[in-house]
>>> print(open('entry.txt').read())   # compact mmCIF, C-alpha atoms (C1' of nucleotides)
# COMPACT_ATOMS: atom_id res chain seq x y z
CA MET A 1 54.20 103.59 93.50
CA ARG A 2 53.43 103.08 89.90
CA PHE A 3 50.85 100.53 88.96
CA GLU A 4 53.32 98.45 86.99
CA LYS A 5 55.65 98.16 89.94
CA ARG A 6 52.86 96.94 92.17
CA VAL A 7 52.09 94.33 89.56
CA TRP A 8 55.70 93.16 89.41
CA GLN A 9 55.85 93.13 93.16
CA LYS A 10 52.91 90.79 93.29
CA CYS A 11 54.45 88.66 90.58
CA ARG A 12 57.46 88.05 92.71
CA LEU A 13 55.26 86.55 95.39
CA ILE A 14 54.43 83.65 93.14
CA PRO A 15 56.55 80.71 94.28
CA LYS A 16 58.54 78.53 91.94
CA GLY A 17 56.49 75.76 90.46
CA LYS A 18 53.25 77.69 90.70
CA VAL A 19 51.34 79.88 88.30
CA SER A 20 48.70 82.55 88.61
CA SER A 21 46.38 84.39 86.30
CA TYR A 22 46.12 88.00 85.29
CA LYS A 23 42.74 88.05 86.87
CA GLU A 24 43.99 86.77 90.19
CA LEU A 25 46.81 89.24 90.08
CA ALA A 26 44.42 92.10 89.47
CA LYS A 27 42.24 90.89 92.28
CA ALA A 28 45.21 90.86 94.62
CA LEU A 29 45.82 94.46 93.63
CA LYS A 30 42.18 95.24 94.33
CA THR A 31 41.57 96.37 90.79
CA LYS A 32 39.76 95.04 87.76
CA ALA A 33 42.37 96.28 85.37
CA TYR A 34 43.15 92.90 83.87
CA ARG A 35 44.40 94.46 80.70
CA ALA A 36 46.48 96.99 82.53
CA VAL A 37 48.14 94.09 84.33
CA GLY A 38 49.08 92.67 80.97
CA ASN A 39 50.46 96.01 79.92
CA ALA A 40 52.50 96.23 83.08
CA LEU A 41 54.05 92.83 82.53
CA LYS A 42 54.85 93.67 78.95
CA LYS A 43 56.80 96.67 80.13
CA ASN A 44 58.44 94.58 82.80
CA PRO A 45 62.24 94.91 82.65
CA TYR A 46 62.54 91.27 83.68
CA GLY A 47 65.55 91.18 85.88
CA ALA A 48 66.53 94.81 85.56
CA TRP A 49 64.34 96.64 87.95
CA GLN A 50 65.32 100.22 87.38
CA THR A 51 64.57 102.68 90.06
CA LYS A 52 64.86 106.22 88.86
CA GLY A 53 68.52 107.02 89.04
CA LYS A 54 69.52 103.97 90.99
CA SER A 55 70.16 100.77 89.19
CA CYS A 56 69.46 97.36 90.43
CA ARG A 57 72.07 97.24 93.19
CA ARG A 58 72.89 93.61 92.56
CA GLN A 59 69.67 92.50 94.14
CA ARG A 60 67.64 89.78 92.61
CA CYS A 61 65.10 91.82 90.74
CA PHE A 62 63.79 88.90 88.80
CA VAL A 63 60.14 89.22 87.90
CA PRO A 64 58.73 85.78 87.10
CA CYS A 65 56.17 87.06 84.66
CA HIS A 66 56.14 83.67 82.95
CA ARG A 67 54.18 82.40 85.93
CA VAL A 68 51.33 84.69 85.04
CA ILE A 69 48.94 83.19 82.53
CA CYS A 70 45.39 83.56 81.26
CA SER A 71 42.39 82.62 83.34
CA ASP A 72 41.56 79.69 81.07
CA GLY A 73 44.93 78.09 81.61
CA SER A 74 46.49 79.14 78.31
CA LEU A 75 49.89 80.76 78.43
CA GLY A 76 49.07 84.27 77.40
CA GLY A 77 52.15 86.09 76.24
CA TYR A 78 55.79 86.53 76.96
CA GLN A 79 58.38 88.95 75.68
CA GLY A 80 55.91 90.61 73.42
CA LYS A 81 54.45 87.57 71.73
CA LEU A 82 51.93 84.86 72.45
CA ASN A 83 52.66 81.26 73.33
CA SER A 84 56.37 81.88 73.46
CA LYS A 85 58.50 78.75 73.46
CA LYS A 86 60.70 80.33 76.07
CA LYS A 87 57.79 80.65 78.43
CA ILE A 88 56.95 77.00 78.01
CA GLN A 89 60.55 76.04 78.65
CA LEU A 90 60.72 78.08 81.81
CA LEU A 91 57.49 76.68 83.18
CA LYS A 92 58.39 73.09 82.39
CA LYS A 93 61.73 73.64 84.00
CA GLU A 94 59.96 74.71 87.15
CA GLY A 95 57.96 71.54 87.22
CA ILE A 96 54.82 72.71 85.44
CA LYS A 97 53.46 70.48 82.72
CA ILE A 98 52.23 72.02 79.51
CA LYS A 99 49.45 70.26 77.70
CA ASN A 100 48.58 71.53 74.25
CA LYS A 101 49.68 75.07 75.02
CA LYS A 102 47.77 75.02 78.27
CA ILE A 103 48.67 74.35 81.87
CA ALA A 104 48.18 70.77 82.98
CA ASP A 105 46.71 70.42 86.48
CA PHE A 106 45.85 74.05 86.44
CA GLU A 107 43.90 73.80 89.67
CA LYS A 108 46.84 72.23 91.44
CA LYS A 109 49.47 74.60 90.17
CA PHE A 110 47.36 77.69 90.57
CA PHE A 111 48.61 80.10 93.19
CA ARG A 112 46.16 82.28 95.08
CA PHE A 113 47.41 85.29 96.95
C1' DC B 1 40.13 115.80 78.65
C1' DT B 2 39.88 112.48 74.59
C1' DC B 3 41.90 108.57 71.93
C1' DG B 4 44.28 104.52 70.82
C1' DT B 5 46.58 100.52 72.55
C1' DG B 6 46.92 96.11 74.89
C1' DA B 7 50.87 89.46 77.41
C1' DC B 8 42.76 90.22 79.67
C1' DT B 9 37.92 88.31 80.65
C1' DT B 10 33.36 87.19 79.97
C1' DA B 11 29.44 86.43 77.14
C1' DC B 12 27.31 85.16 72.68
C1' DG B 13 26.51 83.09 68.26
C1' DA C 1 36.00 75.17 69.40
C1' DC C 2 36.48 79.63 67.37
C1' DG C 3 35.62 84.47 66.24
C1' DT C 4 33.56 88.76 67.80
C1' DA C 5 31.98 92.28 70.79
C1' DA C 6 31.78 94.64 74.86
C1' DG C 7 33.58 95.83 79.39
C1' DC C 8 37.40 96.87 81.73
C1' DC C 9 41.58 100.01 83.40
C1' DA C 10 46.33 102.18 83.20
C1' DC C 11 49.27 104.85 80.38
C1' DG C 12 51.21 107.82 77.03
C1' DA C 13 50.50 111.13 73.20
>>> encode(input="entry.txt", output="structure tokens")
Amino acid sequence: MRFEKRVWQKCRLIPKGKVSSYKELAKALKTKAYRAVGNALKKNPYGAWQTKGKSCRRQRCFVPCHRVICSDGSLGGYQGKLNSKKKIQLLKKEGIKIKNKKIADFEKKFFRF
DNA sequence: CTCGTGACTTACG
DNA sequence: ACGTAAGCCACGA
């Protein structure tokens, strides 16, 4: 299993309305590759999990990478750029409040594996 | 193997 | 608060 896929797999464990950090994600993977986690999410197909040869088979392959943020509560990046509006929209839509580009009630919304 | 590149984190100034 | 530097690890060239 490629590292990226393990990352995405963990991402999918994050429930709606919760967030987690790159650090926590890395910890769940028993690695300290925080940056590699970021790389993995950047490469994330986001809804088009492509297995070599086989396509997504109509399964829900959604990877909620917008629920993964920085350890200090800031948003980090999304779709190749930082502080994406789209990411904010998605999070707010899931019931997470954004305060000055940071997560409000970070402690409450934080999901630990 | 070495190097450059990050959607990171922590520590300093 | 903000910028920098160093540490970190996976990945591709």
>>> atom_distance(input="entry.txt", atom1="CA of Phe113 in chain A", atom2="CA of Ile98 in chain A")
22.4 Å
>>> interface_residues(input="entry.txt", of="chain A", to="chain C", cutoff="8 Å", atoms="all atoms listed in the file", output="ChimeraX atom specification")
/A:3,32-36
>>> write_last_selection(input="entry.txt", atoms="C-alpha atoms", output="compact mmCIF listing (two decimals), keeping the file's coordinate frame")
# COMPACT_ATOMS: atom_id res chain seq x y z
CA PHE A 3 50.85 100.53 88.96
CA LYS A 32 39.76 95.04 87.76
CA ALA A 33 42.37 96.28 85.37
CA TYR A 34 43.15 92.90 83.87
CA ARG A 35 44.40 94.46 80.70
CA ALA A 36 46.48 96.99 82.53
>>> atom_distance(input="entry.txt", atom1="CA of Lys97 in chain A", atom2="CA of Ile69 in chain A")
13.5 Å
>>> interface_residues(input="entry.txt", of="chain A", to="chain B", cutoff="7 Å", atoms="all atoms listed in the file", output="ChimeraX atom specification")
/A:22,34-35,38-39,41-42,76-78,80-82
>>> closest_residue(input="entry.txt", among="A:Lys93, A:Arg67, A:Lys30, A:Lys23", to="Arg6 in chain A", atoms="all atoms listed in the file")
A:Lys30
>>> atom_distance(input="entry.txt", atom1="CA of Asn44 in chain A", atom2="CA of Ala104 in chain A")
25.9 Å
>>> residues_around(input="entry.txt", residues="Pro64 in chain A", least_positions_apart="3", cutoff="8 Å", atoms="all atoms listed in the file", output="list in words")
Cys11, Arg12, Ile14, Tyr46, Arg67 and Val68 of chain A
>>> decode(input="entry.txt", residues="chain C", atoms="all heavy atoms", output="mmCIF file, in the first residue's frame")
data_model
loop_
_atom_site.group_PDB
_atom_site.id
_atom_site.type_symbol
_atom_site.label_atom_id
_atom_site.label_comp_id
_atom_site.auth_asym_id
_atom_site.auth_seq_id
_atom_site.Cartn_x
_atom_site.Cartn_y
_atom_site.Cartn_z
ATOM 1 P P DA C 1 -1.513 35.905 17.207
ATOM 2 O OP1 DA C 1 -0.950 34.658 17.382
ATOM 3 O OP2 DA C 1 -2.701 36.407 17.631
ATOM 4 O "O5'" DA C 1 -0.398 37.067 17.078
ATOM 5 C "C5'" DA C 1 -0.751 38.368 16.713
ATOM 6 C "C4'" DA C 1 0.257 38.919 15.747
ATOM 7 O "O4'" DA C 1 1.539 39.068 16.423
ATOM 8 C "C3'" DA C 1 0.490 37.991 14.565
ATOM 9 O "O3'" DA C 1 0.691 38.735 13.378
ATOM 10 C "C2'" DA C 1 1.754 37.243 14.951
ATOM 11 C "C1'" DA C 1 2.525 38.290 15.746
ATOM 12 N N9 DA C 1 3.397 37.684 16.776
ATOM 13 C C8 DA C 1 3.053 36.820 17.762
ATOM 14 N N7 DA C 1 4.046 36.447 18.516
ATOM 15 C C5 DA C 1 5.135 37.129 17.975
ATOM 16 C C6 DA C 1 6.489 37.158 18.293
ATOM 17 N N6 DA C 1 7.009 36.466 19.299
ATOM 18 N N1 DA C 1 7.288 37.938 17.570
ATOM 19 C C2 DA C 1 6.766 38.638 16.566
ATOM 20 N N3 DA C 1 5.511 38.684 16.158
ATOM 21 C C4 DA C 1 4.726 37.891 16.912
ATOM 22 P P DC C 2 0.528 38.002 12.022
ATOM 23 O OP1 DC C 2 -0.634 38.567 11.358
ATOM 24 O OP2 DC C 2 0.596 36.553 12.293
ATOM 25 O "O5'" DC C 2 1.837 38.423 11.221
ATOM 26 C "C5'" DC C 2 2.786 39.307 11.814
ATOM 27 C "C4'" DC C 2 4.187 38.993 11.301
ATOM 28 O "O4'" DC C 2 5.013 38.548 12.410
ATOM 29 C "C3'" DC C 2 4.238 37.865 10.264
ATOM 30 O "O3'" DC C 2 5.133 38.221 9.234
ATOM 31 C "C2'" DC C 2 4.729 36.678 11.051
ATOM 32 C "C1'" DC C 2 5.655 37.331 12.062
ATOM 33 N N1 DC C 2 5.858 36.556 13.306
ATOM 34 C C2 DC C 2 7.139 36.478 13.856
ATOM 35 O O2 DC C 2 8.073 37.067 13.302
ATOM 36 N N3 DC C 2 7.335 35.750 14.987
ATOM 37 C C4 DC C 2 6.305 35.136 15.569
ATOM 38 N N4 DC C 2 6.551 34.437 16.680
ATOM 39 C C5 DC C 2 4.990 35.197 15.033
ATOM 40 C C6 DC C 2 4.814 35.921 13.917
ATOM 41 P P DG C 3 5.268 37.354 7.899
ATOM 42 O OP1 DG C 3 5.001 38.174 6.702
ATOM 43 O OP2 DG C 3 4.547 36.082 8.094
ATOM 44 O "O5'" DG C 3 6.839 37.052 7.930
ATOM 45 C "C5'" DG C 3 7.747 38.125 8.137
ATOM 46 C "C4'" DG C 3 9.156 37.579 8.352
ATOM 47 O "O4'" DG C 3 9.248 36.973 9.665
ATOM 48 C "C3'" DG C 3 9.540 36.500 7.338
ATOM 49 O "O3'" DG C 3 10.885 36.722 6.907
ATOM 50 C "C2'" DG C 3 9.383 35.195 8.122
ATOM 51 C "C1'" DG C 3 9.681 35.620 9.558
ATOM 52 N N9 DG C 3 8.959 34.849 10.565
ATOM 53 C C8 DG C 3 7.620 34.560 10.591
ATOM 54 N N7 DG C 3 7.253 33.848 11.634
ATOM 55 C C5 DG C 3 8.430 33.668 12.336
ATOM 56 C C6 DG C 3 8.666 32.981 13.554
ATOM 57 O O6 DG C 3 7.862 32.383 14.278
ATOM 58 N N1 DG C 3 10.013 33.023 13.924
ATOM 59 C C2 DG C 3 10.994 33.661 13.207
ATOM 60 N N2 DG C 3 12.224 33.602 13.701
ATOM 61 N N3 DG C 3 10.787 34.308 12.065
ATOM 62 C C4 DG C 3 9.491 34.270 11.694
ATOM 63 P P DT C 4 11.526 35.817 5.744
ATOM 64 O OP1 DT C 4 12.288 36.719 4.863
ATOM 65 O OP2 DT C 4 10.475 34.932 5.188
ATOM 66 O "O5'" DT C 4 12.550 34.890 6.526
ATOM 67 C "C5'" DT C 4 12.785 35.154 7.894
ATOM 68 C "C4'" DT C 4 13.887 34.281 8.468
ATOM 69 O "O4'" DT C 4 13.354 33.632 9.647
ATOM 70 C "C3'" DT C 4 14.440 33.174 7.588
ATOM 71 O "O3'" DT C 4 15.842 33.049 7.826
ATOM 72 C "C2'" DT C 4 13.658 31.952 8.014
ATOM 73 C "C1'" DT C 4 13.358 32.218 9.488
ATOM 74 N N1 DT C 4 12.047 31.708 9.937
ATOM 75 C C2 DT C 4 11.991 31.034 11.137
ATOM 76 O O2 DT C 4 12.971 30.859 11.845
ATOM 77 N N3 DT C 4 10.749 30.592 11.494
ATOM 78 C C4 DT C 4 9.574 30.733 10.788
ATOM 79 O O4 DT C 4 8.528 30.285 11.222
ATOM 80 C C5 DT C 4 9.699 31.443 9.541
ATOM 81 C C7 DT C 4 8.484 31.647 8.673
ATOM 82 C C6 DT C 4 10.916 31.896 9.180
ATOM 83 P P DA C 5 16.745 31.981 7.017
ATOM 84 O OP1 DA C 5 18.115 32.514 6.868
ATOM 85 O OP2 DA C 5 15.999 31.523 5.825
ATOM 86 O "O5'" DA C 5 16.799 30.787 8.075
ATOM 87 C "C5'" DA C 5 17.200 31.055 9.413
ATOM 88 C "C4'" DA C 5 17.356 29.738 10.165
ATOM 89 O "O4'" DA C 5 16.076 29.324 10.693
ATOM 90 C "C3'" DA C 5 17.868 28.593 9.296
ATOM 91 O "O3'" DA C 5 18.794 27.811 10.052
ATOM 92 C "C2'" DA C 5 16.596 27.818 8.956
ATOM 93 C "C1'" DA C 5 15.750 28.025 10.203
ATOM 94 N N9 DA C 5 14.302 27.999 9.973
ATOM 95 C C8 DA C 5 13.606 28.540 8.923
ATOM 96 N N7 DA C 5 12.305 28.362 8.997
ATOM 97 C C5 DA C 5 12.139 27.659 10.182
ATOM 98 C C6 DA C 5 11.005 27.167 10.838
ATOM 99 N N6 DA C 5 9.762 27.308 10.386
ATOM 100 N N1 DA C 5 11.190 26.503 12.001
ATOM 101 C C2 DA C 5 12.432 26.360 12.471
ATOM 102 N N3 DA C 5 13.586 26.782 11.941
ATOM 103 C C4 DA C 5 13.359 27.432 10.785
ATOM 104 P P DA C 6 19.599 26.646 9.296
ATOM 105 O OP1 DA C 6 21.038 26.785 9.601
ATOM 106 O OP2 DA C 6 19.143 26.518 7.896
ATOM 107 O "O5'" DA C 6 19.035 25.403 10.130
ATOM 108 C "C5'" DA C 6 18.828 25.530 11.526
ATOM 109 C "C4'" DA C 6 18.015 24.351 12.027
ATOM 110 O "O4'" DA C 6 16.612 24.556 11.751
ATOM 111 C "C3'" DA C 6 18.397 23.031 11.361
ATOM 112 O "O3'" DA C 6 18.424 22.005 12.340
ATOM 113 C "C2'" DA C 6 17.282 22.811 10.354
ATOM 114 C "C1'" DA C 6 16.087 23.413 11.099
ATOM 115 N N9 DA C 6 14.985 23.834 10.251
ATOM 116 C C8 DA C 6 15.030 24.489 9.057
ATOM 117 N N7 DA C 6 13.854 24.745 8.540
ATOM 118 C C5 DA C 6 12.972 24.221 9.466
ATOM 119 C C6 DA C 6 11.566 24.172 9.510
ATOM 120 N N6 DA C 6 10.775 24.666 8.565
ATOM 121 N N1 DA C 6 10.999 23.564 10.570
ATOM 122 C C2 DA C 6 11.793 23.060 11.527
ATOM 123 N N3 DA C 6 13.125 23.053 11.596
ATOM 124 C C4 DA C 6 13.651 23.657 10.522
ATOM 125 P P DG C 7 19.003 20.568 11.941
ATOM 126 O OP1 DG C 7 19.984 20.154 12.965
ATOM 127 O OP2 DG C 7 19.391 20.588 10.516
ATOM 128 O "O5'" DG C 7 17.717 19.652 12.112
ATOM 129 C "C5'" DG C 7 16.971 19.742 13.310
ATOM 130 C "C4'" DG C 7 15.702 18.908 13.177
ATOM 131 O "O4'" DG C 7 14.711 19.650 12.448
ATOM 132 C "C3'" DG C 7 15.932 17.604 12.407
ATOM 133 O "O3'" DG C 7 15.360 16.515 13.128
ATOM 134 C "C2'" DG C 7 15.217 17.819 11.088
ATOM 135 C "C1'" DG C 7 14.132 18.807 11.456
ATOM 136 N N9 DG C 7 13.695 19.633 10.332
ATOM 137 C C8 DG C 7 14.484 20.275 9.404
ATOM 138 N N7 DG C 7 13.804 20.910 8.493
ATOM 139 C C5 DG C 7 12.482 20.677 8.839
ATOM 140 C C6 DG C 7 11.285 21.100 8.221
ATOM 141 O O6 DG C 7 11.152 21.793 7.207
ATOM 142 N N1 DG C 7 10.162 20.631 8.891
ATOM 143 C C2 DG C 7 10.196 19.855 10.014
ATOM 144 N N2 DG C 7 9.024 19.498 10.514
ATOM 145 N N3 DG C 7 11.307 19.449 10.613
ATOM 146 C C4 DG C 7 12.401 19.893 9.968
ATOM 147 P P DC C 8 15.638 15.019 12.577
ATOM 148 O OP1 DC C 8 15.703 14.149 13.753
ATOM 149 O OP2 DC C 8 16.731 15.037 11.581
ATOM 150 O "O5'" DC C 8 14.278 14.693 11.794
ATOM 151 C "C5'" DC C 8 13.042 14.863 12.453
ATOM 152 C "C4'" DC C 8 11.913 14.798 11.445
ATOM 153 O "O4'" DC C 8 11.855 16.016 10.704
ATOM 154 C "C3'" DC C 8 12.111 13.707 10.394
ATOM 155 O "O3'" DC C 8 11.501 12.506 10.831
ATOM 156 C "C2'" DC C 8 11.367 14.273 9.184
ATOM 157 C "C1'" DC C 8 11.353 15.769 9.408
ATOM 158 N N1 DC C 8 12.208 16.528 8.452
ATOM 159 C C2 DC C 8 11.621 17.376 7.536
ATOM 160 O O2 DC C 8 10.400 17.466 7.507
ATOM 161 N N3 DC C 8 12.403 18.072 6.677
ATOM 162 C C4 DC C 8 13.742 17.940 6.740
ATOM 163 N N4 DC C 8 14.476 18.649 5.893
ATOM 164 C C5 DC C 8 14.361 17.082 7.686
ATOM 165 C C6 DC C 8 13.563 16.398 8.513
ATOM 166 P P DC C 9 12.078 11.133 10.267
ATOM 167 O OP1 DC C 9 11.696 10.094 11.227
ATOM 168 O OP2 DC C 9 13.470 11.310 9.845
ATOM 169 O "O5'" DC C 9 11.197 10.925 8.949
ATOM 170 C "C5'" DC C 9 9.786 10.966 9.025
ATOM 171 C "C4'" DC C 9 9.197 11.003 7.632
ATOM 172 O "O4'" DC C 9 9.474 12.266 7.020
ATOM 173 C "C3'" DC C 9 9.749 9.919 6.699
ATOM 174 O "O3'" DC C 9 8.672 9.302 6.040
ATOM 175 C "C2'" DC C 9 10.576 10.712 5.709
ATOM 176 C "C1'" DC C 9 9.853 12.038 5.673
ATOM 177 N N1 DC C 9 10.657 13.187 5.221
ATOM 178 C C2 DC C 9 10.095 14.073 4.299
ATOM 179 O O2 DC C 9 8.956 13.871 3.877
ATOM 180 N N3 DC C 9 10.812 15.136 3.887
ATOM 181 C C4 DC C 9 12.045 15.331 4.365
ATOM 182 N N4 DC C 9 12.706 16.390 3.928
ATOM 183 C C5 DC C 9 12.637 14.448 5.311
ATOM 184 C C6 DC C 9 11.908 13.396 5.714
ATOM 185 P P DA C 10 8.886 7.867 5.400
ATOM 186 O OP1 DA C 10 8.040 6.930 6.137
ATOM 187 O OP2 DA C 10 10.330 7.594 5.240
ATOM 188 O "O5'" DA C 10 8.235 8.075 3.953
ATOM 189 C "C5'" DA C 10 6.859 8.404 3.885
ATOM 190 C "C4'" DA C 10 6.549 9.027 2.539
ATOM 191 O "O4'" DA C 10 7.285 10.260 2.396
ATOM 192 C "C3'" DA C 10 6.924 8.141 1.354
ATOM 193 O "O3'" DA C 10 5.859 8.163 0.435
ATOM 194 C "C2'" DA C 10 8.161 8.813 0.784
ATOM 195 C "C1'" DA C 10 7.938 10.280 1.135
ATOM 196 N N9 DA C 10 9.157 11.057 1.289
ATOM 197 C C8 DA C 10 10.247 10.760 2.076
ATOM 198 N N7 DA C 10 11.191 11.664 2.013
ATOM 199 C C5 DA C 10 10.699 12.632 1.158
ATOM 200 C C6 DA C 10 11.211 13.846 0.694
ATOM 201 N N6 DA C 10 12.399 14.328 1.031
ATOM 202 N N1 DA C 10 10.461 14.566 -0.169
ATOM 203 C C2 DA C 10 9.263 14.090 -0.511
ATOM 204 N N3 DA C 10 8.672 12.970 -0.147
ATOM 205 C C4 DA C 10 9.443 12.276 0.702
ATOM 206 P P DC C 11 5.836 7.066 -0.715
ATOM 207 O OP1 DC C 11 4.442 6.627 -0.891
ATOM 208 O OP2 DC C 11 6.923 6.096 -0.474
ATOM 209 O "O5'" DC C 11 6.229 7.977 -1.950
ATOM 210 C "C5'" DC C 11 5.648 9.268 -2.060
ATOM 211 C "C4'" DC C 11 6.268 10.008 -3.240
ATOM 212 O "O4'" DC C 11 7.392 10.791 -2.779
ATOM 213 C "C3'" DC C 11 6.790 9.083 -4.331
ATOM 214 O "O3'" DC C 11 6.328 9.549 -5.579
ATOM 215 C "C2'" DC C 11 8.296 9.211 -4.221
ATOM 216 C "C1'" DC C 11 8.453 10.630 -3.691
ATOM 217 N N1 DC C 11 9.711 10.889 -2.961
ATOM 218 C C2 DC C 11 10.336 12.131 -3.121
ATOM 219 O O2 DC C 11 9.824 12.977 -3.838
ATOM 220 N N3 DC C 11 11.507 12.375 -2.483
ATOM 221 C C4 DC C 11 12.038 11.433 -1.696
ATOM 222 N N4 DC C 11 13.181 11.721 -1.084
ATOM 223 C C5 DC C 11 11.412 10.166 -1.507
ATOM 224 C C6 DC C 11 10.250 9.937 -2.153
ATOM 225 P P DG C 12 6.327 8.530 -6.805
ATOM 226 O OP1 DG C 12 4.919 8.303 -7.201
ATOM 227 O OP2 DG C 12 7.220 7.378 -6.528
ATOM 228 O "O5'" DG C 12 6.997 9.445 -7.927
ATOM 229 C "C5'" DG C 12 6.589 10.802 -8.072
ATOM 230 C "C4'" DG C 12 7.755 11.605 -8.662
ATOM 231 O "O4'" DG C 12 8.793 11.757 -7.675
ATOM 232 C "C3'" DG C 12 8.386 10.938 -9.876
ATOM 233 O "O3'" DG C 12 8.652 11.934 -10.845
ATOM 234 C "C2'" DG C 12 9.661 10.338 -9.308
ATOM 235 C "C1'" DG C 12 10.024 11.382 -8.253
ATOM 236 N N9 DG C 12 10.900 10.919 -7.195
ATOM 237 C C8 DG C 12 10.829 9.734 -6.500
ATOM 238 N N7 DG C 12 11.760 9.605 -5.586
ATOM 239 C C5 DG C 12 12.491 10.781 -5.687
ATOM 240 C C6 DG C 12 13.620 11.232 -4.958
ATOM 241 O O6 DG C 12 14.232 10.659 -4.040
ATOM 242 N N1 DG C 12 14.058 12.477 -5.371
ATOM 243 C C2 DG C 12 13.474 13.206 -6.373
ATOM 244 N N2 DG C 12 14.017 14.385 -6.636
ATOM 245 N N3 DG C 12 12.413 12.811 -7.063
ATOM 246 C C4 DG C 12 11.978 11.598 -6.666
ATOM 247 P P DA C 13 9.047 11.461 -12.353
ATOM 248 O OP1 DA C 13 8.036 12.036 -13.262
ATOM 249 O OP2 DA C 13 9.325 9.999 -12.330
ATOM 250 O "O5'" DA C 13 10.422 12.213 -12.583
ATOM 251 C "C5'" DA C 13 10.566 13.588 -12.184
ATOM 252 C "C4'" DA C 13 12.051 13.981 -12.237
ATOM 253 O "O4'" DA C 13 12.714 13.501 -11.035
ATOM 254 C "C3'" DA C 13 12.803 13.359 -13.412
ATOM 255 O "O3'" DA C 13 13.753 14.293 -13.931
ATOM 256 C "C2'" DA C 13 13.516 12.176 -12.787
ATOM 257 C "C1'" DA C 13 13.835 12.711 -11.385
ATOM 258 N N9 DA C 13 13.995 11.679 -10.376
ATOM 259 C C8 DA C 13 13.289 10.519 -10.248
ATOM 260 N N7 DA C 13 13.668 9.777 -9.216
ATOM 261 C C5 DA C 13 14.679 10.515 -8.636
ATOM 262 C C6 DA C 13 15.491 10.291 -7.520
ATOM 263 N N6 DA C 13 15.407 9.221 -6.731
ATOM 264 N N1 DA C 13 16.401 11.240 -7.215
ATOM 265 C C2 DA C 13 16.496 12.315 -7.986
ATOM 266 N N3 DA C 13 15.785 12.638 -9.070
ATOM 267 C C4 DA C 13 14.889 11.691 -9.335
#
